file target-v7.cif (mmCIF, C-alpha atoms)
data_start
loop_
_atom_site.label_atom_id
_atom_site.label_comp_id
_atom_site.auth_asym_id
_atom_site.auth_seq_id
_atom_site.Cartn_x
_atom_site.Cartn_y
_atom_site.Cartn_z
CA MET J 1 3.52 15.00 -3.19
CA LYS J 2 0.25 15.61 -1.31
CA PHE J 3 -1.34 13.11 -3.70
CA VAL J 4 1.14 10.44 -2.55
CA ILE J 5 0.33 11.00 1.11
CA VAL J 6 -3.40 10.76 0.40
CA LEU J 7 -2.81 7.62 -1.68
CA VAL J 8 -0.81 6.06 1.15
CA ALA J 9 -3.55 6.81 3.64
CA LEU J 10 -6.24 5.32 1.39
CA PHE J 11 -4.31 2.08 0.88
CA ALA J 12 -3.70 1.77 4.59
CA LEU J 13 -7.40 2.22 5.31
CA ALA J 14 -8.39 -0.26 2.61
CA ALA J 15 -6.02 -2.86 4.02
CA ALA J 16 -7.46 -2.86 7.51
CA ARG J 17 -10.81 -3.12 9.18
CA PRO J 18 -10.95 -1.09 12.37
CA ASP J 19 -9.96 -3.11 15.44
CA ARG J 20 -9.75 -0.91 18.48
CA ASP J 21 -7.83 -3.57 20.44
CA ALA J 22 -5.07 -4.00 17.86
CA GLU J 23 -1.65 -2.61 18.69
CA THR J 24 0.91 -1.34 16.23
CA LEU J 25 3.87 -3.72 16.37
CA ARG J 26 5.91 -2.04 13.66
CA TYR J 27 5.72 1.29 11.91
CA ASP J 28 8.50 2.40 9.58
CA SER J 29 8.13 5.33 7.24
CA ASN J 30 10.38 7.39 5.01
CA VAL J 31 8.99 10.22 2.89
CA GLU J 32 11.22 12.15 0.52
CA PRO J 33 10.27 14.71 -2.15
CA GLU J 34 10.35 12.15 -4.98
CA ASN J 35 9.85 8.81 -3.20
CA TYR J 36 8.46 7.19 -0.07
CA ASN J 37 8.08 3.85 1.66
CA TYR J 38 6.34 2.55 4.73
CA ASN J 39 5.71 -0.69 6.57
CA VAL J 40 3.05 -1.29 9.24
CA GLN J 41 2.26 -4.46 11.19
CA THR J 42 -0.42 -4.82 13.84
CA SER J 43 -1.11 -7.32 16.59
CA ASP J 44 -4.26 -8.60 14.87
CA GLY J 45 -2.33 -10.00 11.90
CA LYS J 46 -2.64 -7.09 9.49
CA SER J 47 0.34 -5.79 7.58
CA VAL J 48 0.90 -3.30 4.81
CA ALA J 49 4.07 -2.28 2.98
CA GLU J 50 4.36 0.17 0.13
CA GLU J 51 6.95 2.11 -1.81
CA GLY J 52 6.51 4.73 -4.46
CA HIS J 53 8.56 7.03 -6.60
CA VAL J 54 8.13 9.64 -9.29
CA GLU J 55 8.99 8.35 -12.75
CA ASP J 56 9.95 10.59 -15.68
CA LEU J 57 10.23 13.61 -13.39
CA GLY J 58 9.82 16.93 -15.17
CA THR J 59 8.38 15.48 -18.36
CA GLU J 60 4.85 15.25 -19.71
CA GLN J 61 4.95 11.54 -18.80
CA GLU J 62 5.69 12.25 -15.11
CA ALA J 63 3.85 9.71 -12.97
CA ILE J 64 3.91 8.11 -9.57
CA VAL J 65 4.75 4.40 -9.55
CA VAL J 66 3.61 2.49 -6.46
CA LYS J 67 4.38 -1.10 -5.45
CA GLY J 68 3.09 -2.69 -2.31
CA SER J 69 1.30 -5.43 -0.48
CA TYR J 70 -1.14 -5.92 2.34
CA SER J 71 -2.49 -8.89 4.23
CA TYR J 72 -5.13 -9.54 6.83
CA ILE J 73 -6.87 -12.45 8.52
CA GLY J 74 -10.43 -12.79 7.29
CA ASP J 75 -13.46 -13.70 9.39
CA ASP J 76 -13.00 -17.24 8.08
CA GLY J 77 -9.52 -17.46 9.65
CA VAL J 78 -7.75 -17.40 6.28
CA THR J 79 -4.90 -14.96 5.69
CA TYR J 80 -5.56 -12.94 2.56
CA SER J 81 -2.62 -11.28 0.81
CA VAL J 82 -2.58 -8.80 -2.05
CA ASN J 83 0.43 -7.58 -4.00
CA TYR J 84 -0.12 -4.61 -6.26
CA ILE J 85 1.41 -2.15 -8.65
CA ALA J 86 -0.17 1.20 -9.46
CA ASP J 87 1.32 3.12 -12.34
CA LYS J 88 0.39 4.71 -15.65
CA ASN J 89 -1.35 1.41 -16.49
CA GLY J 90 -3.66 1.67 -13.47
CA PHE J 91 -4.06 -0.34 -10.26
CA GLN J 92 -2.99 -3.96 -10.80
CA PRO J 93 -3.70 -6.18 -7.78
CA GLN J 94 -2.74 -9.86 -7.52
CA GLY J 95 -3.82 -12.36 -4.91
CA ALA J 96 -4.90 -15.98 -4.70
CA HIS J 97 -8.47 -14.87 -3.86
CA ILE J 98 -8.72 -12.27 -6.66
CA PRO J 99 -10.32 -13.51 -9.90
CA VAL J 100 -8.19 -13.27 -13.05
CA ALA J 101 -9.80 -12.26 -16.34
#

call {"tool": "encode", "arguments": {"input": "target-v7.cif", "output": "structure tokens"}}
result
Amino acid sequence: MKFVIVLVALFALAAARPDRDAETLRYDSNVEPENYNYNVQTSDGKSVAEEGHVEDLGTEQEAIVVKGSYSYIGDDGVTYSVNYIADKNGFQPQGAHIPVA
């Protein structure tokens, strides 16, 4: 479960550039032994939401499945949003600004 907490922290950092004047408008979090979720919104227009759970617990295929999204306002004034899934198939982001192969 320590891996999940580290993963959560990394996604939160990746979703936000530091803004010392931003205030946290919303922070909800629930962490259980086999699942978690959180939601954060800040006054500078950033938001991140994520949920994860252990799949195939106790088997050789045991894995953490994570679904989430984050958004932020870029320097160009455009709001960028990313939805993602991270599972045994890797990190799979989707967003209008992300190139598709």

call {"tool": "residues_around", "arguments": {"input": "target-v7.cif", "residues": "Ser47 in chain J", "least_positions_apart": "3", "cutoff": "6 Å", "atoms": "all atoms listed in the file", "output": "VMD selection string"}}
result
chain J and resid 40 to 41 70 to 71

call {"tool": "write_last_selection", "arguments": {"input": "target-v7.cif", "atoms": "C-alpha atoms", "output": "PDB file, in the coordinates of the input"}}
result
ATOM      1  CA  VAL J  40       3.050  -1.290   9.240  1.00  0.00           C
ATOM      2  CA  GLN J  41       2.260  -4.460  11.190  1.00  0.00           C
ATOM      3  CA  TYR J  70      -1.140  -5.920   2.340  1.00  0.00           C
ATOM      4  CA  SER J  71      -2.490  -8.890   4.230  1.00  0.00           C
TER       5      SER J  71
END

call {"tool": "residues_around", "arguments": {"input": "target-v7.cif", "residues": "Gln92 in chain J", "least_positions_apart": "5", "cutoff": "12 Å", "atoms": "only C-alpha atoms", "output": "ChimeraX atom specification"}}
result
/J:65-69,82-87,98,100

call {"tool": "resolve_selection", "arguments": {"input": "target-v7.cif", "expression": "the PyMOL selection byres ((chain J and resi 54) around 6)", "output": "mmCIF file with C-alpha atoms, keeping the file's coordinate frame"}}
result
data_model
loop_
_atom_site.group_PDB
_atom_site.id
_atom_site.type_symbol
_atom_site.label_atom_id
_atom_site.label_comp_id
_atom_site.auth_asym_id
_atom_site.auth_seq_id
_atom_site.Cartn_x
_atom_site.Cartn_y
_atom_site.Cartn_z
ATOM 1 C CA GLU J 34 10.350 12.150 -4.980
ATOM 2 C CA HIS J 53 8.560 7.030 -6.600
ATOM 3 C CA GLU J 55 8.990 8.350 -12.750
ATOM 4 C CA ALA J 63 3.850 9.710 -12.970
ATOM 5 C CA ILE J 64 3.910 8.110 -9.570
#

call {"tool": "resolve_selection", "arguments": {"input": "target-v7.cif", "expression": "the PyMOL selection byres ((chain J and resi 38) around 9)", "output": "PyMOL selection string"}}
result
chain J and resi 8+27-31+36-37+39-40+48-51

call {"tool": "atom_distance", "arguments": {"input": "target-v7.cif", "atom1": "CA of Glu32 in chain J", "atom2": "CA of Asp56 in chain J"}}
result
16.3 Å

call {"tool": "atom_distance", "arguments": {"input": "target-v7.cif", "atom1": "CA of Gly45 in chain J", "atom2": "CA of Pro99 in chain J"}}
result
23.5 Å

call {"tool": "resolve_selection", "arguments": {"input": "target-v7.cif", "expression": "the PyMOL selection byres ((chain J and resi 79) around 12)", "output": "number ranges by chain"}}
result
J: 44-47, 70-78, 80-82, 95-97

call {"tool": "atom_distance", "arguments": {"input": "target-v7.cif", "atom1": "CA of Thr42 in chain J", "atom2": "CA of Arg26 in chain J"}}
result
6.9 Å
